[in-house]
Every structure is written in structure tokens, then in C-alpha cells.
file work_4.cif (mmCIF, C-alpha atoms and all ligand atoms)
data_model
loop_
_atom_site.label_atom_id
_atom_site.label_comp_id
_atom_site.auth_asym_id
_atom_site.auth_seq_id
_atom_site.Cartn_x
_atom_site.Cartn_y
_atom_site.Cartn_z
CA MET A 29 -22.19 15.26 -82.45
CA GLN A 30 -21.81 18.08 -84.97
CA PRO A 31 -23.05 17.38 -88.51
CA ASN A 32 -19.53 17.62 -89.97
CA ASP A 33 -18.25 15.01 -87.48
CA TYR A 34 -21.09 12.69 -88.43
CA GLU A 35 -20.26 13.31 -92.12
CA THR A 36 -16.56 12.55 -91.64
CA LEU A 37 -17.18 9.33 -89.74
CA SER A 38 -20.07 7.97 -91.78
CA GLN A 39 -18.22 8.67 -95.04
CA ILE A 40 -15.10 6.89 -93.81
CA VAL A 41 -17.13 3.84 -92.78
CA LYS A 42 -19.02 3.78 -96.09
CA LYS A 43 -15.84 4.07 -98.13
CA GLN A 44 -13.98 1.40 -96.16
CA SER A 45 -16.75 -1.17 -95.77
CA GLY A 46 -19.87 -0.23 -97.75
CA LEU A 47 -21.86 0.12 -94.52
CA VAL A 48 -24.37 2.94 -94.76
CA LEU A 49 -24.93 4.91 -91.56
CA THR A 50 -28.05 7.01 -91.93
CA PRO A 51 -28.46 10.14 -89.74
CA ASP A 52 -30.69 8.20 -87.32
CA LYS A 53 -27.56 6.17 -86.43
CA VAL A 54 -25.83 9.13 -84.76
CA TYR A 55 -26.43 7.61 -81.34
CA LEU A 56 -24.91 4.32 -82.51
CA LEU A 57 -21.86 6.15 -83.88
CA GLU A 58 -21.40 7.96 -80.56
CA SER A 59 -21.75 4.87 -78.40
CA ARG A 60 -19.56 2.60 -80.50
CA LEU A 61 -16.85 5.14 -81.27
CA LEU A 62 -16.32 6.57 -77.78
CA PRO A 63 -14.24 3.49 -76.78
CA VAL A 64 -12.25 3.90 -80.02
CA ALA A 65 -11.62 7.57 -79.22
CA ARG A 66 -10.43 6.61 -75.71
CA LYS A 67 -8.15 3.91 -77.13
CA TRP A 68 -6.48 6.64 -79.16
CA ASN A 69 -6.21 8.92 -76.09
CA LEU A 70 -8.90 11.26 -77.34
CA THR A 71 -11.67 12.43 -75.07
CA SER A 72 -14.58 12.51 -77.50
CA VAL A 73 -15.92 11.21 -80.78
CA ALA A 74 -15.72 14.78 -82.11
CA GLN A 75 -11.95 14.73 -81.44
CA LEU A 76 -11.72 11.38 -83.22
CA ALA A 77 -13.47 12.84 -86.27
CA GLU A 78 -11.17 15.87 -86.15
CA SER A 79 -8.10 13.65 -85.91
CA ILE A 80 -9.23 11.65 -88.96
CA ARG A 81 -9.87 14.85 -90.92
CA LEU A 82 -6.49 16.35 -90.09
CA ARG A 83 -4.19 13.32 -89.98
CA PRO A 84 -5.89 10.25 -91.51
CA ASN A 85 -4.28 7.22 -89.87
CA PRO A 86 -5.03 3.79 -91.42
CA ALA A 87 -5.05 2.01 -88.03
CA GLN A 88 -7.46 4.55 -86.56
CA ILE A 89 -9.68 4.36 -89.65
CA ARG A 90 -9.71 0.56 -89.37
CA ASP A 91 -10.71 0.76 -85.70
CA VAL A 92 -13.56 3.14 -86.56
CA THR A 93 -14.78 0.92 -89.39
CA GLU A 94 -14.61 -2.32 -87.43
CA ALA A 95 -16.39 -0.73 -84.47
CA MET A 96 -19.34 0.09 -86.72
CA THR A 97 -19.83 -3.46 -88.01
CA THR A 98 -22.71 -5.49 -86.60
CA ASN A 99 -21.43 -8.97 -85.85
CA GLU A 100 -24.59 -10.75 -84.76
CA SER A 101 -24.51 -14.43 -85.73
CA PHE A 102 -25.44 -17.79 -84.32
CA PHE A 103 -25.17 -21.47 -85.11
CA PHE A 104 -27.64 -22.80 -87.72
CA ARG A 105 -29.13 -19.30 -88.01
CA ASP A 106 -32.58 -19.43 -89.66
CA THR A 107 -32.34 -23.26 -90.00
CA LYS A 108 -33.65 -23.28 -93.59
CA PRO A 109 -30.32 -22.43 -95.33
CA PHE A 110 -28.69 -25.36 -93.57
CA ASP A 111 -31.54 -27.69 -94.54
CA LEU A 112 -31.06 -26.50 -98.12
CA PHE A 113 -27.36 -27.15 -97.83
CA ARG A 114 -27.89 -30.70 -96.59
CA ASP A 115 -30.88 -31.66 -98.75
CA THR A 116 -30.49 -29.70 -102.00
CA MET A 117 -27.06 -28.18 -102.60
CA LEU A 118 -24.90 -30.99 -101.26
CA PRO A 119 -26.67 -33.88 -103.06
CA ALA A 120 -26.58 -31.96 -106.37
CA LEU A 121 -22.91 -31.10 -106.03
CA LEU A 122 -21.87 -34.56 -104.84
CA LYS A 123 -23.33 -35.83 -108.08
CA ALA A 124 -21.86 -33.10 -110.27
CA ARG A 125 -18.39 -33.32 -108.69
CA ALA A 126 -18.21 -37.13 -108.54
CA THR A 127 -14.96 -37.13 -110.51
CA LYS A 128 -13.23 -34.14 -108.97
CA ARG A 129 -14.43 -34.92 -105.44
CA ARG A 130 -13.77 -31.40 -104.27
CA ILE A 131 -16.28 -28.77 -103.18
CA ARG A 132 -15.41 -25.21 -102.17
CA ILE A 133 -17.70 -23.34 -99.79
CA TRP A 134 -17.45 -19.66 -98.79
CA SER A 135 -19.00 -18.06 -95.78
CA ALA A 136 -18.68 -14.42 -96.91
CA ALA A 137 -19.05 -12.05 -93.93
CA SER A 138 -18.54 -14.93 -91.51
CA SER A 139 -18.51 -12.74 -88.39
CA SER A 140 -17.59 -14.90 -85.37
CA GLY A 141 -17.60 -18.11 -87.43
CA GLN A 142 -20.85 -19.83 -86.46
CA GLU A 143 -22.09 -20.12 -90.06
CA ALA A 144 -18.89 -21.77 -91.33
CA TYR A 145 -18.73 -24.11 -88.33
CA SER A 146 -22.40 -25.05 -88.78
CA ILE A 147 -21.57 -26.13 -92.34
CA ALA A 148 -18.52 -28.05 -91.10
CA MET A 149 -20.69 -29.86 -88.54
CA LEU A 150 -23.21 -30.88 -91.20
CA LEU A 151 -20.40 -32.33 -93.30
CA LYS A 152 -18.89 -34.16 -90.32
CA GLU A 153 -22.31 -35.63 -89.60
CA ARG A 154 -22.19 -37.39 -92.98
CA GLY A 155 -19.23 -39.40 -91.69
CA ALA A 156 -17.63 -42.08 -93.88
CA GLU A 157 -20.03 -41.34 -96.75
CA LEU A 158 -17.85 -38.35 -97.65
CA SER A 159 -14.47 -39.99 -97.27
CA GLY A 160 -12.27 -39.32 -100.30
CA TRP A 161 -13.89 -35.90 -100.72
CA THR A 162 -12.18 -32.57 -100.07
CA PHE A 163 -14.26 -29.71 -98.69
CA ASP A 164 -12.60 -26.31 -98.57
CA ILE A 165 -14.58 -24.10 -96.24
CA VAL A 166 -13.41 -20.49 -96.28
CA GLY A 167 -14.77 -17.92 -93.82
CA THR A 168 -14.01 -14.26 -94.43
CA ASP A 169 -14.93 -11.08 -92.61
CA LEU A 170 -13.88 -7.45 -92.63
CA SER A 171 -13.30 -7.48 -88.90
CA THR A 172 -9.90 -8.78 -87.78
CA GLU A 173 -11.28 -9.20 -84.26
CA MET A 174 -14.07 -11.47 -85.57
CA VAL A 175 -11.63 -13.47 -87.68
CA GLU A 176 -9.41 -14.08 -84.64
CA ARG A 177 -12.43 -15.10 -82.56
CA SER A 178 -13.54 -17.48 -85.31
CA LYS A 179 -10.12 -19.09 -85.48
CA SER A 180 -10.11 -19.67 -81.72
CA GLY A 181 -13.52 -21.37 -81.96
CA ILE A 182 -14.28 -20.20 -78.41
CA TYR A 183 -17.85 -19.18 -77.59
CA THR A 184 -19.66 -18.11 -74.45
CA ALA A 185 -22.17 -20.62 -73.08
CA PHE A 186 -24.96 -18.44 -74.52
CA GLU A 187 -23.40 -18.35 -78.00
CA ALA A 188 -22.59 -22.05 -78.02
CA GLN A 189 -26.13 -23.03 -77.08
CA ARG A 190 -27.94 -20.50 -79.27
CA GLY A 191 -29.34 -22.40 -82.25
CA MET A 192 -27.25 -25.46 -81.45
CA PRO A 193 -28.90 -28.86 -81.04
CA ALA A 194 -27.74 -30.26 -77.67
CA ARG A 195 -26.53 -33.43 -79.36
CA LEU A 196 -24.11 -31.46 -81.57
CA LEU A 197 -22.94 -29.32 -78.67
CA VAL A 198 -21.92 -32.42 -76.73
CA LYS A 199 -20.33 -33.99 -79.78
CA TYR A 200 -18.32 -31.08 -81.20
CA PHE A 201 -17.52 -28.78 -78.26
CA ALA A 202 -15.39 -29.05 -75.14
CA ARG A 203 -15.61 -26.88 -72.02
CA ALA A 204 -12.92 -24.19 -71.89
CA GLY A 205 -13.31 -22.62 -68.44
CA ASP A 206 -16.72 -20.97 -68.42
CA LYS A 207 -16.77 -21.05 -72.24
CA TRP A 208 -17.01 -23.69 -74.94
CA GLN A 209 -14.51 -24.46 -77.70
CA ILE A 210 -15.19 -26.13 -81.03
CA SER A 211 -13.22 -29.34 -81.51
CA GLU A 212 -9.86 -29.12 -83.22
CA ASP A 213 -11.18 -31.39 -85.97
CA LEU A 214 -13.80 -28.83 -86.95
CA ARG A 215 -11.44 -25.89 -86.54
CA LYS A 216 -9.10 -27.54 -89.04
CA MET A 217 -11.93 -27.80 -91.57
CA VAL A 218 -12.40 -24.02 -91.86
CA ASN A 219 -9.91 -21.46 -93.10
CA PHE A 220 -10.75 -18.01 -91.72
CA ARG A 221 -9.20 -14.85 -93.09
CA GLN A 222 -9.76 -11.13 -93.02
CA PHE A 223 -11.24 -9.98 -96.31
CA ASN A 224 -13.20 -6.96 -97.50
CA LEU A 225 -16.09 -7.72 -99.87
CA LEU A 226 -15.46 -4.39 -101.62
CA THR A 227 -12.06 -5.57 -102.84
CA ASP A 228 -10.96 -7.96 -105.59
CA LEU A 229 -12.79 -11.22 -104.84
CA SER A 230 -10.81 -13.17 -107.41
CA LEU A 231 -8.06 -13.56 -104.80
CA LEU A 232 -10.27 -16.12 -103.08
CA GLY A 233 -10.69 -18.46 -106.05
CA THR A 234 -13.88 -20.12 -107.27
CA PHE A 235 -16.63 -21.48 -105.05
CA ASP A 236 -19.43 -24.01 -105.47
CA ILE A 237 -21.48 -22.67 -102.57
CA VAL A 238 -21.52 -19.13 -101.20
CA PHE A 239 -23.31 -18.12 -98.03
CA CYS A 240 -23.49 -14.32 -98.15
CA ARG A 241 -26.02 -13.62 -95.45
CA ASN A 242 -26.98 -10.57 -93.46
CA VAL A 243 -24.34 -8.25 -94.82
CA LEU A 244 -25.87 -6.87 -98.04
CA ILE A 245 -28.67 -5.35 -95.92
CA TYR A 246 -26.15 -2.81 -94.62
CA PHE A 247 -25.09 -1.69 -98.13
CA ASP A 248 -26.71 0.76 -100.57
CA LEU A 249 -28.09 -0.52 -103.88
CA PRO A 250 -25.00 0.16 -106.07
CA THR A 251 -22.77 -1.57 -103.51
CA LYS A 252 -25.10 -4.59 -103.29
CA THR A 253 -25.15 -4.82 -107.09
CA SER A 254 -21.39 -4.62 -107.42
CA VAL A 255 -20.70 -7.11 -104.59
CA LEU A 256 -23.14 -9.60 -106.15
CA ALA A 257 -21.49 -9.13 -109.56
CA GLY A 258 -18.12 -9.90 -107.94
CA VAL A 259 -19.52 -12.94 -106.13
CA ALA A 260 -21.08 -14.26 -109.37
CA LYS A 261 -17.67 -14.15 -111.05
CA GLN A 262 -16.25 -16.34 -108.29
CA MET A 263 -18.88 -19.05 -108.63
CA SER A 264 -19.01 -22.21 -110.64
CA ASP A 265 -21.85 -22.28 -113.20
CA ASP A 266 -23.81 -24.82 -111.21
CA GLY A 267 -22.98 -23.24 -107.86
CA TYR A 268 -25.41 -21.98 -105.22
CA LEU A 269 -25.71 -18.63 -103.49
CA VAL A 270 -27.55 -18.29 -100.19
CA LEU A 271 -28.68 -14.87 -99.01
CA GLY A 272 -30.14 -13.80 -95.68
CA ALA A 273 -33.85 -13.86 -94.89
CA ALA A 274 -34.19 -10.10 -95.55
CA GLU A 275 -32.08 -10.13 -98.73
CA THR A 276 -32.81 -10.82 -102.38
CA VAL A 277 -31.25 -10.48 -105.82
CA LEU A 278 -34.54 -9.22 -107.27
CA GLY A 279 -34.11 -5.66 -108.46
CA VAL A 280 -30.49 -5.80 -107.30
CA SER A 281 -28.59 -8.11 -109.63
CA ASP A 282 -29.25 -9.92 -112.90
CA LYS A 283 -26.25 -12.19 -112.28
CA PHE A 284 -28.37 -14.63 -110.27
CA ARG A 285 -31.74 -16.30 -110.63
CA SER A 286 -33.91 -17.77 -107.87
CA VAL A 287 -34.08 -21.53 -107.54
CA PRO A 288 -37.81 -22.24 -107.92
CA GLY A 289 -39.50 -23.26 -104.69
CA GLN A 290 -36.36 -22.66 -102.60
CA THR A 291 -36.63 -19.30 -100.86
CA GLY A 292 -33.28 -17.55 -100.40
CA LEU A 293 -31.42 -19.86 -102.80
CA TYR A 294 -29.93 -18.59 -106.05
CA MET A 295 -27.80 -19.84 -108.95
CA PRO A 296 -25.69 -17.87 -111.42
CA THR A 297 -27.64 -16.66 -114.45
CA GLY A 298 -26.60 -18.39 -117.63
CA GLY A 299 -25.08 -21.22 -115.62
CA ALA A 300 -25.83 -24.94 -115.84
CA GLY A 301 -29.52 -25.68 -115.67
CA ASP A 302 -30.58 -22.16 -116.57
CA ALA A 303 -33.15 -22.37 -119.37
CA ARG A 304 -32.12 -18.89 -120.57
CA ARG A 305 -28.66 -20.24 -121.35
CA THR A 306 -29.85 -22.31 -124.22
CA ALA A 307 -32.82 -20.12 -125.19
C1 LIG B 1 -24.56 -9.54 -89.17
S1 LIG B 1 -23.02 -10.29 -89.52
C2 LIG B 1 -23.52 -11.68 -90.49
C3 LIG B 1 -22.85 -12.94 -90.04
C4 LIG B 1 -23.34 -14.22 -90.72
N1 LIG B 1 -23.18 -14.15 -92.15
C5 LIG B 1 -24.77 -14.51 -90.36
O1 LIG B 1 -25.66 -14.32 -91.19
O2 LIG B 1 -25.03 -14.93 -89.23
C6 LIG B 1 -22.38 -9.15 -90.76
C7 LIG B 1 -20.88 -9.25 -90.91
O3 LIG B 1 -20.51 -8.57 -92.11
C8 LIG B 1 -19.21 -8.06 -91.93
N2 LIG B 1 -18.96 -7.04 -92.97
C9 LIG B 1 -19.49 -5.81 -93.07
N3 LIG B 1 -19.01 -5.18 -94.15
C10 LIG B 1 -18.14 -6.03 -94.74
C11 LIG B 1 -17.31 -5.95 -95.89
N4 LIG B 1 -17.26 -4.85 -96.66
N5 LIG B 1 -16.54 -7.01 -96.19
C12 LIG B 1 -16.57 -8.14 -95.43
N6 LIG B 1 -17.33 -8.27 -94.33
C13 LIG B 1 -18.11 -7.23 -93.99
C14 LIG B 1 -19.23 -7.53 -90.52
O4 LIG B 1 -17.93 -7.39 -89.98
C15 LIG B 1 -20.08 -8.58 -89.80
O5 LIG B 1 -19.29 -9.52 -89.13
#

call {"tool": "encode", "arguments": {"input": "work_4.cif", "output": "C-alpha cells"}}
result
Amino acid sequence: MQPNDYETLSQIVKKQSGLVLTPDKVYLLESRLLPVARKWNLTSVAQLAESIRLRPNPAQIRDVTEAMTTNESFFFRDTKPFDLFRDTMLPALLKARATKRRIRIWSAASSSGQEAYSIAMLLKERGAELSGWTFDIVGTDLSTEMVERSKSGIYTAFEAQRGMPARLLVKYFARAGDKWQISEDLRKMVNFRQFNLLTDLSLLGTFDIVFCRNVLIYFDLPTKTSVLAGVAKQMSDDGYLVLGAAETVLGVSDKFRSVPGQTGLYMPTGGAGDARRTA
């Protein structure tokens, strides 16, 4: 690939999604964008870059951007965030929202939906204890293909079993040919929609819990900072933010503070329980 083709494509992807493609990702660009080029009846990635330079076409640009996203996800990924959800965040919020009885949860960058469905399963497991409560679980991702997959709730046998306790697989999934589908009950609990984290987050409303995991790692520092500032604005004062294992707010955003002793868990700065608020 010529340097100007790499420039065209990496700049488009960065502008559309925030994803940074360093020069060592040229091979990745080539391999992921060749199918996109063919879809558009072009014979090479160089022709695709040329086409975008000469006649920028929103649908083509979207295909390029989506093809460069990394959609790796699995049920109960990293375990710890889901333990924190069950043992720390949920008890605190059940207490704090005892009158309102409504909790809003956002899986930002939800990919193929496993994170949002893992949360839904944990809530279902609480059974009658949570009757009378409303849980809005919203899953959003840049990729329309991932959002459609999430809505279908259909997973390959490998995906369904990866990270999933056998007991929950039996309880919440049904065979769908050689695949597995999440029960309708759980599918109804999550609202998936296409959404770009670089756009106006206020359209999504306010959340009590935000899982924003394994997406900031693909952004540069200014983009991370601005996305976290946007997320902070959409959170209740006593809400919780969960980041991925390789992500932190330290040196990135002053809008959140770590929850002591709880790795990967953050709360809005100046919110309820923050000593600095009253200092
Ligand atoms: C590696 S997956 C993370 C999935 C899940 N959060 C997890 O930790 O398992 C990253 C996801 O971020 C999405 N993504 C990348 N840039 C985005 C953006 N600007 N807005 C929304 N989603 C984005 C990708 O489409 C991809 O599905």
C-alpha cells in the first residue's frame, strides 16, 4: 500500500470512529479492507482509497470504518467487573434508588452484546427480589453489523460457551441449529442501538452504571479525554463507571476518581461520596 493510501484510509477511520491506526497496522488495513474493496467492485485497497479521495461516499466510508473495528467480546469477560456489579454497584444503587426503583445501565461499545446480556443475566438471577424495579439496559456500538447481531442474540457454540457458566447456558439459551440463542426474556431486557461515542452522548440520557470497556484503548489521549468527559456528563452523581483491564482514568480525565480498593471502578468527581465535593 502506498503511503498516501494508508494516510487516506487511516485518517478516515480516525475521524469517523476515533480509532488510531499506526503505520504498523498497514497489514491489518490491507487484509480487512480488501473484502470492502471487492464489495464495491474495486480490485484493490489502493483503488478503494482513491475512490474515497475522489468521490467520498458515506456508505463506503462507513464500510471502511466498521471493517477496522475490533469486536472481540465474550460473556462475563474478566469476571471481576461483573462481581463488582453484583456485590458493590447493585447493592449501593438498590439502596440509593429505593424510592425511584429505576436503574439505568449502559454498555458503551457493546460489540456483539455479551457484556449487556451478562448484566441482564445477573439481574435475572436475583429473581423476585428485584420485582417492582425497572432496569434499563442500553447497549450501543458504532458497528451496525454488531448491533444487529446483538439484537438477534445468536451466538456460535464457541461464543456461547466462552466465559459462560454451564448452568447459565442451560438456563438462558436455546439451541438454534448449530448455534445458540439467548432467551427472548433476556433479549427484551436490553435495548441495542447503533451509536458513535464521538457524537453527542446526551441523546442517550443519564445512566447509573456505565461499562465502557476495551474501546478507549484504541483512541488517542485527546479522544479518550473527551469521550470520558462526555460520559461523565451522562452519569448520575453516585453512578459507577467500569473500564477495561488495560484502561484507566489516571492521567486521562479528572472527571472520575477511582473507588478505593476496587480496581477498574470509578465514580464521577465531585459526585456523592466524593470527599473533595465538600472540602
Ligand atoms: C473490543 S470491543 C469491546 C466490547 C466489550 N465492551 C468488551 O469489553 O468485551 C470494542 C468495540 O468498540 C466499538 N467502537 C469503536 N469505536 C467506537 C466509537 N467511536 N463509538 C462506539 N463504538 C465504538 C467497536 O465497534 C467494537 O465493537

call {"tool": "closest_residue", "arguments": {"input": "work_4.cif", "among": "A:Lys283, A:Arg221, A:Lys43, A:Lys53", "to": "A:Ile89", "atoms": "all atoms listed in the file"}}
result
A:Lys43

call {"tool": "residues_near_ligand", "arguments": {"input": "work_4.cif", "ligand": "ligand LIG 1 (chain B)", "cutoff": "8 Å", "atoms": "only C-alpha atoms and all ligand atoms", "output": "MDAnalysis selection string"}}
result
chainID A and resid 44:47 94 97:103 105 135:143 168:171 174 222:226 239:243 246 272

call {"tool": "atom_distance", "arguments": {"input": "work_4.cif", "atom1": "atom CA of A:Ile237", "atom2": "atom CA of A:Gly267"}}
result
5.5 Å

call {"tool": "atom_distance", "arguments": {"input": "work_4.cif", "atom1": "atom CA of A:Glu212", "atom2": "atom CA of A:Thr172"}}
result
20.8 Å

call {"tool": "closest_residue", "arguments": {"input": "work_4.cif", "among": "A:Asp265, A:Lys252, A:Ala260, A:Tyr183", "to": "A:Phe284", "atoms": "all atoms listed in the file"}}
result
A:Ala260

call {"tool": "residues_around", "arguments": {"input": "work_4.cif", "residues": "stretch 57-60 of chain A", "least_positions_apart": "2", "cutoff": "10 Å", "atoms": "all atoms listed in the file", "output": "ChimeraX atom specification"}}
result
/A:29,34,37-38,49,51-55,62-65,72-74,92,94-97

call {"tool": "axis_aligned_box", "arguments": {"input": "work_4.cif", "around": "stretch 247-266 of chain A", "padding_each_side": "6 Å", "output": "lines of an AutoDock Vina configuration file"}}
result
center_x = -22.2
center_y = -12.0
center_z = -105.7
size_x = 23.8
size_y = 37.6
size_z = 27.1

call {"tool": "closest_residue", "arguments": {"input": "work_4.cif", "among": "A:Arg285, A:Arg129, A:Lys216, A:Arg81", "to": "A:Asp33", "atoms": "only C-alpha atoms"}}
result
A:Arg81

call {"tool": "closest_residue", "arguments": {"input": "work_4.cif", "among": "A:Lys261, A:Arg154, A:Lys207, A:Lys108", "to": "A:Gln189", "atoms": "all atoms listed in the file"}}
result
A:Lys207

call {"tool": "atom_distance", "arguments": {"input": "work_4.cif", "atom1": "atom CA of A:Gln262", "atom2": "atom CA of A:Ile131"}}
result
13.4 Å

call {"tool": "build_atoms", "arguments": {"input": "work_4.cif", "residues": "stretch 70-92 of chain A", "atoms": "N, CA, C and O atoms", "output": "PDB file, in the frame of the given file"}}
result
ATOM      1  N   LEU A  70      -8.092  10.076 -77.008  1.00  0.00           N
ATOM      2  CA  LEU A  70      -8.900  11.260 -77.340  1.00  0.00           C
ATOM      3  C   LEU A  70     -10.103  11.227 -76.404  1.00  0.00           C
ATOM      4  O   LEU A  70     -10.527  10.160 -75.960  1.00  0.00           O
ATOM      5  N   THR A  71     -10.629  12.418 -76.097  1.00  0.00           N
ATOM      6  CA  THR A  71     -11.670  12.430 -75.070  1.00  0.00           C
ATOM      7  C   THR A  71     -13.084  12.342 -75.635  1.00  0.00           C
ATOM      8  O   THR A  71     -14.021  12.094 -74.903  1.00  0.00           O
ATOM      9  N   SER A  72     -13.226  12.550 -76.945  1.00  0.00           N
ATOM     10  CA  SER A  72     -14.580  12.510 -77.500  1.00  0.00           C
ATOM     11  C   SER A  72     -14.578  12.007 -78.934  1.00  0.00           C
ATOM     12  O   SER A  72     -13.534  11.974 -79.599  1.00  0.00           O
ATOM     13  N   VAL A  73     -15.771  11.663 -79.397  1.00  0.00           N
ATOM     14  CA  VAL A  73     -15.920  11.210 -80.780  1.00  0.00           C
ATOM     15  C   VAL A  73     -15.663  12.380 -81.732  1.00  0.00           C
ATOM     16  O   VAL A  73     -15.126  12.198 -82.831  1.00  0.00           O
ATOM     17  N   ALA A  74     -15.990  13.585 -81.281  1.00  0.00           N
ATOM     18  CA  ALA A  74     -15.720  14.780 -82.110  1.00  0.00           C
ATOM     19  C   ALA A  74     -14.216  14.907 -82.338  1.00  0.00           C
ATOM     20  O   ALA A  74     -13.768  15.196 -83.459  1.00  0.00           O
ATOM     21  N   GLN A  75     -13.419  14.652 -81.280  1.00  0.00           N
ATOM     22  CA  GLN A  75     -11.950  14.730 -81.440  1.00  0.00           C
ATOM     23  C   GLN A  75     -11.457  13.642 -82.394  1.00  0.00           C
ATOM     24  O   GLN A  75     -10.524  13.853 -83.160  1.00  0.00           O
ATOM     25  N   LEU A  76     -12.101  12.485 -82.327  1.00  0.00           N
ATOM     26  CA  LEU A  76     -11.720  11.380 -83.220  1.00  0.00           C
ATOM     27  C   LEU A  76     -11.978  11.792 -84.679  1.00  0.00           C
ATOM     28  O   LEU A  76     -11.130  11.592 -85.560  1.00  0.00           O
ATOM     29  N   ALA A  77     -13.132  12.389 -84.913  1.00  0.00           N
ATOM     30  CA  ALA A  77     -13.470  12.840 -86.270  1.00  0.00           C
ATOM     31  C   ALA A  77     -12.467  13.895 -86.737  1.00  0.00           C
ATOM     32  O   ALA A  77     -11.968  13.850 -87.876  1.00  0.00           O
ATOM     33  N   GLU A  78     -12.138  14.806 -85.838  1.00  0.00           N
ATOM     34  CA  GLU A  78     -11.170  15.870 -86.150  1.00  0.00           C
ATOM     35  C   GLU A  78      -9.807  15.268 -86.490  1.00  0.00           C
ATOM     36  O   GLU A  78      -9.168  15.648 -87.475  1.00  0.00           O
ATOM     37  N   SER A  79      -9.403  14.290 -85.695  1.00  0.00           N
ATOM     38  CA  SER A  79      -8.100  13.650 -85.910  1.00  0.00           C
ATOM     39  C   SER A  79      -8.072  12.979 -87.295  1.00  0.00           C
ATOM     40  O   SER A  79      -7.082  13.070 -88.024  1.00  0.00           O
ATOM     41  N   ILE A  80      -9.175  12.325 -87.662  1.00  0.00           N
ATOM     42  CA  ILE A  80      -9.230  11.650 -88.960  1.00  0.00           C
ATOM     43  C   ILE A  80      -9.213  12.666 -90.110  1.00  0.00           C
ATOM     44  O   ILE A  80      -8.592  12.450 -91.146  1.00  0.00           O
ATOM     45  N   ARG A  81      -9.874  13.804 -89.869  1.00  0.00           N
ATOM     46  CA  ARG A  81      -9.870  14.850 -90.920  1.00  0.00           C
ATOM     47  C   ARG A  81      -8.475  15.430 -91.117  1.00  0.00           C
ATOM     48  O   ARG A  81      -8.022  15.621 -92.241  1.00  0.00           O
ATOM     49  N   LEU A  82      -7.783  15.660 -89.994  1.00  0.00           N
ATOM     50  CA  LEU A  82      -6.490  16.350 -90.090  1.00  0.00           C
ATOM     51  C   LEU A  82      -5.333  15.423 -90.434  1.00  0.00           C
ATOM     52  O   LEU A  82      -4.456  15.774 -91.210  1.00  0.00           O
ATOM     53  N   ARG A  83      -5.320  14.246 -89.768  1.00  0.00           N
ATOM     54  CA  ARG A  83      -4.190  13.320 -89.980  1.00  0.00           C
ATOM     55  C   ARG A  83      -4.734  11.904 -90.156  1.00  0.00           C
ATOM     56  O   ARG A  83      -4.678  11.085 -89.240  1.00  0.00           O
ATOM     57  N   PRO A  84      -5.290  11.588 -91.332  1.00  0.00           N
ATOM     58  CA  PRO A  84      -5.890  10.250 -91.510  1.00  0.00           C
ATOM     59  C   PRO A  84      -4.844   9.161 -91.221  1.00  0.00           C
ATOM     60  O   PRO A  84      -3.770   9.182 -91.791  1.00  0.00           O
ATOM     61  N   ASN A  85      -5.205   8.269 -90.292  1.00  0.00           N
ATOM     62  CA  ASN A  85      -4.280   7.220 -89.870  1.00  0.00           C
ATOM     63  C   ASN A  85      -4.972   5.879 -90.156  1.00  0.00           C
ATOM     64  O   ASN A  85      -6.044   5.603 -89.627  1.00  0.00           O
ATOM     65  N   PRO A  86      -4.359   5.036 -91.006  1.00  0.00           N
ATOM     66  CA  PRO A  86      -5.030   3.790 -91.420  1.00  0.00           C
ATOM     67  C   PRO A  86      -5.490   2.928 -90.238  1.00  0.00           C
ATOM     68  O   PRO A  86      -6.565   2.345 -90.287  1.00  0.00           O
ATOM     69  N   ALA A  87      -4.670   2.873 -89.166  1.00  0.00           N
ATOM     70  CA  ALA A  87      -5.050   2.010 -88.030  1.00  0.00           C
ATOM     71  C   ALA A  87      -6.280   2.583 -87.321  1.00  0.00           C
ATOM     72  O   ALA A  87      -7.183   1.843 -86.905  1.00  0.00           O
ATOM     73  N   GLN A  88      -6.319   3.896 -87.203  1.00  0.00           N
ATOM     74  CA  GLN A  88      -7.460   4.550 -86.560  1.00  0.00           C
ATOM     75  C   GLN A  88      -8.730   4.367 -87.418  1.00  0.00           C
ATOM     76  O   GLN A  88      -9.806   4.051 -86.918  1.00  0.00           O
ATOM     77  N   ILE A  89      -8.546   4.517 -88.712  1.00  0.00           N
ATOM     78  CA  ILE A  89      -9.680   4.360 -89.650  1.00  0.00           C
ATOM     79  C   ILE A  89     -10.199   2.913 -89.584  1.00  0.00           C
ATOM     80  O   ILE A  89     -11.410   2.673 -89.577  1.00  0.00           O
ATOM     81  N   ARG A  90      -9.285   1.965 -89.476  1.00  0.00           N
ATOM     82  CA  ARG A  90      -9.710   0.560 -89.370  1.00  0.00           C
ATOM     83  C   ARG A  90     -10.484   0.331 -88.082  1.00  0.00           C
ATOM     84  O   ARG A  90     -11.523  -0.321 -88.074  1.00  0.00           O
ATOM     85  N   ASP A  91     -10.004   0.912 -86.982  1.00  0.00           N
ATOM     86  CA  ASP A  91     -10.710   0.760 -85.700  1.00  0.00           C
ATOM     87  C   ASP A  91     -12.124   1.336 -85.792  1.00  0.00           C
ATOM     88  O   ASP A  91     -13.084   0.741 -85.292  1.00  0.00           O
ATOM     89  N   VAL A  92     -12.240   2.490 -86.427  1.00  0.00           N
ATOM     90  CA  VAL A  92     -13.560   3.140 -86.560  1.00  0.00           C
ATOM     91  C   VAL A  92     -14.478   2.227 -87.384  1.00  0.00           C
ATOM     92  O   VAL A  92     -15.622   1.962 -87.007  1.00  0.00           O
TER      93      VAL A  92
END
